[in-house]
Amino acid sequence: MGLFSFGKKVKLYAPVDGTLIDLATVAAGQTGFAVTPERHHIFSPVTGTVSALIPEQNAIELAAGKLTVRLRMGVNTSATPATYVHEGDQVTPETPLAFVDQEQAAENGRI
């Protein structure tokens with residue numbers, strides 16, 4: 001049994017089209033990735049359940065089996081995402097989770 005053995009494989013999908021950035025290359029001690037989005041809608045990266053909405057961090061947590069995925073949206077921007085989902089909702093990679101207005105962020109000088 002491996003260190004991260006969850007009993008079954010979970011497929012991760014891209015939540016948005018854009019440029020991928022490895023967080024380890026921009027912030028020491030960080031794991032994961034960031035995406036500079038090309039589109040407004042953010043989709044679920046897993047098939048699972050919305051386990052938490054965290055408005056103060058512009059984040060949505062998703063549970064896929066024993067795996068928890070946290071999506072932070074609008075990081076380093078003045079754009080506040082509009083969420084389409086609620087805690088307990090079932091989601092798939094085709095489910096839009098939120099809308100982030102990149103034009104608003106660009107007008108305010110932050111993306």
# chains A, B, ... in the order shown; residues from 1 in each chain; ligands from 1
$ select_by_dssp --residues "segment 16-103 of chain A" --states "helix (DSSP H, G or I)" --output "PDB file with N, CA and C atoms, in the first residue's frame"
ATOM      1  N   LEU A  23       2.846  25.705  -8.786  1.00  0.00           N
ATOM      2  CA  LEU A  23       3.038  26.581  -7.632  1.00  0.00           C
ATOM      3  C   LEU A  23       4.414  26.443  -7.000  1.00  0.00           C
ATOM      4  N   ALA A  24       5.030  25.278  -7.123  1.00  0.00           N
ATOM      5  CA  ALA A  24       6.366  25.078  -6.547  1.00  0.00           C
ATOM      6  C   ALA A  24       7.400  25.983  -7.213  1.00  0.00           C
ATOM      7  N   THR A  25       7.146  26.426  -8.447  1.00  0.00           N
ATOM      8  CA  THR A  25       8.104  27.290  -9.140  1.00  0.00           C
ATOM      9  C   THR A  25       7.961  28.758  -8.751  1.00  0.00           C
ATOM     10  N   VAL A  26       6.845  29.131  -8.151  1.00  0.00           N
ATOM     11  CA  VAL A  26       6.617  30.537  -7.800  1.00  0.00           C
ATOM     12  C   VAL A  26       6.542  30.791  -6.298  1.00  0.00           C
ATOM     13  N   PRO A  55     -16.276  31.514   1.018  1.00  0.00           N
ATOM     14  CA  PRO A  55     -16.313  32.799   0.322  1.00  0.00           C
ATOM     15  C   PRO A  55     -15.158  33.736   0.660  1.00  0.00           C
ATOM     16  N   GLU A  56     -14.655  33.707   1.892  1.00  0.00           N
ATOM     17  CA  GLU A  56     -13.566  34.619   2.264  1.00  0.00           C
ATOM     18  C   GLU A  56     -12.257  34.277   1.561  1.00  0.00           C
ATOM     19  N   GLN A  57     -12.131  33.064   1.037  1.00  0.00           N
ATOM     20  CA  GLN A  57     -10.948  32.666   0.281  1.00  0.00           C
ATOM     21  C   GLN A  57     -11.262  32.473  -1.199  1.00  0.00           C
ATOM     22  N   GLN A 102     -12.770  38.010 -15.896  1.00  0.00           N
ATOM     23  CA  GLN A 102     -11.386  38.403 -16.125  1.00  0.00           C
ATOM     24  C   GLN A 102     -11.270  39.832 -16.637  1.00  0.00           C
ATOM     25  N   GLU A 103     -12.262  40.316 -17.385  1.00  0.00           N
ATOM     26  CA  GLU A 103     -12.218  41.694 -17.869  1.00  0.00           C
ATOM     27  C   GLU A 103     -12.252  42.682 -16.701  1.00  0.00           C
TER      28      GLU A 103
END
$ residues_around --residues "Pro93 of chain A" --least-positions-apart "5" --cutoff "9 Å" --atoms "only C-alpha atoms" --output "number ranges by chain"
A: 12-15, 43-47
$ write_last_selection --atoms "all heavy atoms" --output "PDB file, in the first residue's frame"
ATOM      1  N   LEU A  12      -8.351  13.650 -12.468  1.00  0.00           N
ATOM      2  CA  LEU A  12      -8.391  15.103 -12.340  1.00  0.00           C
ATOM      3  C   LEU A  12      -8.463  15.721 -13.725  1.00  0.00           C
ATOM      4  O   LEU A  12      -7.707  15.350 -14.620  1.00  0.00           O
ATOM      5  CB  LEU A  12      -7.144  15.620 -11.624  1.00  0.00           C
ATOM      6  CG  LEU A  12      -7.012  15.279 -10.143  1.00  0.00           C
ATOM      7  CD1 LEU A  12      -5.674  15.760  -9.617  1.00  0.00           C
ATOM      8  CD2 LEU A  12      -8.141  15.903  -9.358  1.00  0.00           C
ATOM      9  N   TYR A  13      -9.375  16.677 -13.892  1.00  0.00           N
ATOM     10  CA  TYR A  13      -9.565  17.371 -15.154  1.00  0.00           C
ATOM     11  C   TYR A  13      -9.205  18.842 -14.969  1.00  0.00           C
ATOM     12  O   TYR A  13      -9.285  19.375 -13.860  1.00  0.00           O
ATOM     13  CB  TYR A  13     -11.023  17.256 -15.613  1.00  0.00           C
ATOM     14  CG  TYR A  13     -11.430  15.834 -15.913  1.00  0.00           C
ATOM     15  CD1 TYR A  13     -11.900  14.999 -14.912  1.00  0.00           C
ATOM     16  CD2 TYR A  13     -11.337  15.326 -17.199  1.00  0.00           C
ATOM     17  CE1 TYR A  13     -12.265  13.689 -15.174  1.00  0.00           C
ATOM     18  CE2 TYR A  13     -11.703  14.023 -17.479  1.00  0.00           C
ATOM     19  CZ  TYR A  13     -12.171  13.211 -16.461  1.00  0.00           C
ATOM     20  OH  TYR A  13     -12.521  11.909 -16.730  1.00  0.00           O
ATOM     21  N   ALA A  14      -8.851  19.502 -16.055  1.00  0.00           N
ATOM     22  CA  ALA A  14      -8.558  20.930 -16.002  1.00  0.00           C
ATOM     23  C   ALA A  14      -9.845  21.690 -15.700  1.00  0.00           C
ATOM     24  O   ALA A  14     -10.842  21.498 -16.390  1.00  0.00           O
ATOM     25  CB  ALA A  14      -7.967  21.398 -17.328  1.00  0.00           C
ATOM     26  N   PRO A  15      -9.841  22.545 -14.682  1.00  0.00           N
ATOM     27  CA  PRO A  15     -11.054  23.285 -14.334  1.00  0.00           C
ATOM     28  C   PRO A  15     -11.352  24.447 -15.274  1.00  0.00           C
ATOM     29  O   PRO A  15     -12.476  24.952 -15.308  1.00  0.00           O
ATOM     30  CB  PRO A  15     -10.782  23.784 -12.923  1.00  0.00           C
ATOM     31  CG  PRO A  15      -9.295  23.817 -12.804  1.00  0.00           C
ATOM     32  CD  PRO A  15      -8.773  22.751 -13.712  1.00  0.00           C
ATOM     33  N   PHE A  43     -14.900  24.953 -14.099  1.00  0.00           N
ATOM     34  CA  PHE A  43     -15.601  23.683 -14.035  1.00  0.00           C
ATOM     35  C   PHE A  43     -14.998  22.793 -12.951  1.00  0.00           C
ATOM     36  O   PHE A  43     -13.876  23.009 -12.500  1.00  0.00           O
ATOM     37  CB  PHE A  43     -15.518  22.971 -15.392  1.00  0.00           C
ATOM     38  CG  PHE A  43     -16.334  23.650 -16.458  1.00  0.00           C
ATOM     39  CD1 PHE A  43     -15.807  24.721 -17.171  1.00  0.00           C
ATOM     40  CD2 PHE A  43     -17.615  23.234 -16.725  1.00  0.00           C
ATOM     41  CE1 PHE A  43     -16.558  25.366 -18.149  1.00  0.00           C
ATOM     42  CE2 PHE A  43     -18.381  23.866 -17.705  1.00  0.00           C
ATOM     43  CZ  PHE A  43     -17.849  24.932 -18.407  1.00  0.00           C
ATOM     44  N   SER A  44     -15.731  21.769 -12.577  1.00  0.00           N
ATOM     45  CA  SER A  44     -15.239  20.832 -11.568  1.00  0.00           C
ATOM     46  C   SER A  44     -14.092  20.002 -12.138  1.00  0.00           C
ATOM     47  O   SER A  44     -14.206  19.467 -13.231  1.00  0.00           O
ATOM     48  CB  SER A  44     -16.361  19.896 -11.124  1.00  0.00           C
ATOM     49  OG  SER A  44     -15.854  18.945 -10.210  1.00  0.00           O
ATOM     50  N   PRO A  45     -13.003  19.853 -11.384  1.00  0.00           N
ATOM     51  CA  PRO A  45     -11.898  19.017 -11.854  1.00  0.00           C
ATOM     52  C   PRO A  45     -12.094  17.530 -11.527  1.00  0.00           C
ATOM     53  O   PRO A  45     -11.291  16.701 -11.922  1.00  0.00           O
ATOM     54  CB  PRO A  45     -10.690  19.575 -11.107  1.00  0.00           C
ATOM     55  CG  PRO A  45     -11.271  20.091  -9.842  1.00  0.00           C
ATOM     56  CD  PRO A  45     -12.638  20.612 -10.197  1.00  0.00           C
ATOM     57  N   VAL A  46     -13.157  17.192 -10.789  1.00  0.00           N
ATOM     58  CA  VAL A  46     -13.409  15.811 -10.373  1.00  0.00           C
ATOM     59  C   VAL A  46     -14.905  15.510 -10.425  1.00  0.00           C
ATOM     60  O   VAL A  46     -15.735  16.417 -10.454  1.00  0.00           O
ATOM     61  CB  VAL A  46     -12.914  15.542  -8.932  1.00  0.00           C
ATOM     62  CG1 VAL A  46     -11.419  15.657  -8.820  1.00  0.00           C
ATOM     63  CG2 VAL A  46     -13.610  16.439  -7.931  1.00  0.00           C
ATOM     64  N   THR A  47     -15.224  14.221 -10.391  1.00  0.00           N
ATOM     65  CA  THR A  47     -16.597  13.793 -10.162  1.00  0.00           C
ATOM     66  C   THR A  47     -16.714  13.593  -8.658  1.00  0.00           C
ATOM     67  O   THR A  47     -15.940  12.836  -8.066  1.00  0.00           O
ATOM     68  CB  THR A  47     -16.894  12.479 -10.904  1.00  0.00           C
ATOM     69  OG1 THR A  47     -16.764  12.729 -12.303  1.00  0.00           O
ATOM     70  CG2 THR A  47     -18.289  11.979 -10.593  1.00  0.00           C
TER      71      THR A  47
END
$ residues_around --residues "Ala82 of chain A" --least-positions-apart "5" --cutoff "8 Å" --atoms "only C-alpha atoms" --output "list in words"
Ala98, Phe99 and Val100 of chain A
$ write_last_selection --atoms "N, CA and C atoms" --output "PDB file, in the first residue's frame"
ATOM      1  N   ALA A  98     -18.410  28.051 -11.164  1.00  0.00           N
ATOM      2  CA  ALA A  98     -18.383  29.492 -10.892  1.00  0.00           C
ATOM      3  C   ALA A  98     -18.056  30.267 -12.160  1.00  0.00           C
ATOM      4  N   PHE A  99     -18.267  31.568 -12.063  1.00  0.00           N
ATOM      5  CA  PHE A  99     -17.957  32.518 -13.132  1.00  0.00           C
ATOM      6  C   PHE A  99     -17.021  33.563 -12.550  1.00  0.00           C
ATOM      7  N   VAL A 100     -15.882  33.793 -13.217  1.00  0.00           N
ATOM      8  CA  VAL A 100     -14.933  34.828 -12.802  1.00  0.00           C
ATOM      9  C   VAL A 100     -14.783  35.799 -13.970  1.00  0.00           C
TER      10      VAL A 100
END
$ atom_distance --atom1 "atom CA of Pro96 of chain A" --atom2 "atom CA of Tyr84 of chain A"
7.0 Å
$ atom_distance --atom1 "atom CA of Thr80 of chain A" --atom2 "atom CA of Thr31 of chain A"
23.5 Å
$ residues_around --residues "Val16 of chain A" --least-positions-apart "4" --cutoff "8 Å" --atoms "only C-alpha atoms" --output "JSON, numbers by chain"
{"A": [35, 37, 38, 39, 41, 42, 43]}
$ atom_distance --atom1 "atom CA of Ser51 of chain A" --atom2 "atom CA of Met73 of chain A"
16.1 Å
$ select_by_dssp --residues "segment 23-111 of chain A" --states "strand (DSSP E or B)" --output "VMD selection string"
chain A and resid 33 to 37 41 to 43 48 to 54 59 to 64 67 to 72 82 to 83 90 to 91 96 to 99
$ residues_around --residues "Ala59 of chain A" --least-positions-apart "5" --cutoff "6 Å" --atoms "only C-alpha atoms" --output "PyMOL selection string"
chain A and resi 54+71-72
$ write_last_selection --atoms "all heavy atoms" --output "PDB file, in the first residue's frame"
ATOM      1  N   ILE A  54     -16.161  28.438   0.538  1.00  0.00           N
ATOM      2  CA  ILE A  54     -15.371  29.266   1.437  1.00  0.00           C
ATOM      3  C   ILE A  54     -15.256  30.654   0.812  1.00  0.00           C
ATOM      4  O   ILE A  54     -14.285  30.972   0.119  1.00  0.00           O
ATOM      5  CB  ILE A  54     -13.974  28.632   1.670  1.00  0.00           C
ATOM      6  CG1 ILE A  54     -14.135  27.154   2.042  1.00  0.00           C
ATOM      7  CG2 ILE A  54     -13.207  29.391   2.741  1.00  0.00           C
ATOM      8  CD1 ILE A  54     -12.886  26.346   1.955  1.00  0.00           C
ATOM      9  N   LEU A  71     -10.429  24.421  -4.822  1.00  0.00           N
ATOM     10  CA  LEU A  71     -10.273  25.343  -5.949  1.00  0.00           C
ATOM     11  C   LEU A  71     -10.341  26.750  -5.416  1.00  0.00           C
ATOM     12  O   LEU A  71     -11.344  27.149  -4.844  1.00  0.00           O
ATOM     13  CB  LEU A  71     -11.417  25.170  -6.946  1.00  0.00           C
ATOM     14  CG  LEU A  71     -11.366  24.014  -7.896  1.00  0.00           C
ATOM     15  CD1 LEU A  71     -12.660  23.954  -8.689  1.00  0.00           C
ATOM     16  CD2 LEU A  71     -10.204  24.139  -8.834  1.00  0.00           C
ATOM     17  N   ARG A  72      -9.266  27.512  -5.586  1.00  0.00           N
ATOM     18  CA  ARG A  72      -9.279  28.937  -5.228  1.00  0.00           C
ATOM     19  C   ARG A  72      -9.381  29.716  -6.524  1.00  0.00           C
ATOM     20  O   ARG A  72      -8.595  29.511  -7.438  1.00  0.00           O
ATOM     21  CB  ARG A  72      -8.025  29.303  -4.451  1.00  0.00           C
ATOM     22  CG  ARG A  72      -8.043  28.637  -3.072  1.00  0.00           C
ATOM     23  CD  ARG A  72      -6.971  29.126  -2.162  1.00  0.00           C
ATOM     24  NE  ARG A  72      -7.129  30.554  -1.931  1.00  0.00           N
ATOM     25  CZ  ARG A  72      -6.114  31.343  -1.622  1.00  0.00           C
ATOM     26  NH1 ARG A  72      -4.903  30.864  -1.517  1.00  0.00           N
ATOM     27  NH2 ARG A  72      -6.319  32.637  -1.414  1.00  0.00           N
TER      28      ARG A  72
END
$ closest_residue --among "A:Thr68, A:Thr49, A:Gln30, A:Thr19" --to "Thr92 of chain A" --atoms "only C-alpha atoms"
A:Thr49
$ residues_around --residues "Glu87 of chain A" --least-positions-apart "2" --cutoff "12 Å" --atoms "only C-alpha atoms" --output "short mmCIF file (atom, residue, chain, number, x, y, z; two decimals) with C-alpha atoms, in the first residue's frame"
data_model
loop_
_atom_site.label_atom_id
_atom_site.label_comp_id
_atom_site.auth_asym_id
_atom_site.auth_seq_id
_atom_site.Cartn_x
_atom_site.Cartn_y
_atom_site.Cartn_z
CA GLY A 48 -17.73 14.22 -6.58
CA THR A 49 -19.60 16.40 -4.09
CA VAL A 50 -19.29 20.07 -3.13
CA SER A 51 -18.13 19.71 0.48
CA ALA A 52 -17.61 23.41 1.32
CA LEU A 53 -17.96 26.92 -0.05
CA ILE A 54 -15.37 29.27 1.44
CA ILE A 60 -14.80 25.70 -3.30
CA GLU A 61 -13.88 22.33 -1.78
CA LEU A 62 -14.83 19.14 -3.57
CA ALA A 63 -14.80 15.61 -2.17
CA THR A 83 -20.76 30.47 -7.68
CA TYR A 84 -23.38 28.24 -9.29
CA VAL A 85 -23.26 25.39 -6.75
CA ASP A 89 -24.33 19.30 -4.80
CA GLN A 90 -23.08 16.42 -6.96
CA VAL A 91 -20.68 17.59 -9.69
CA LEU A 97 -18.92 25.75 -10.58
#
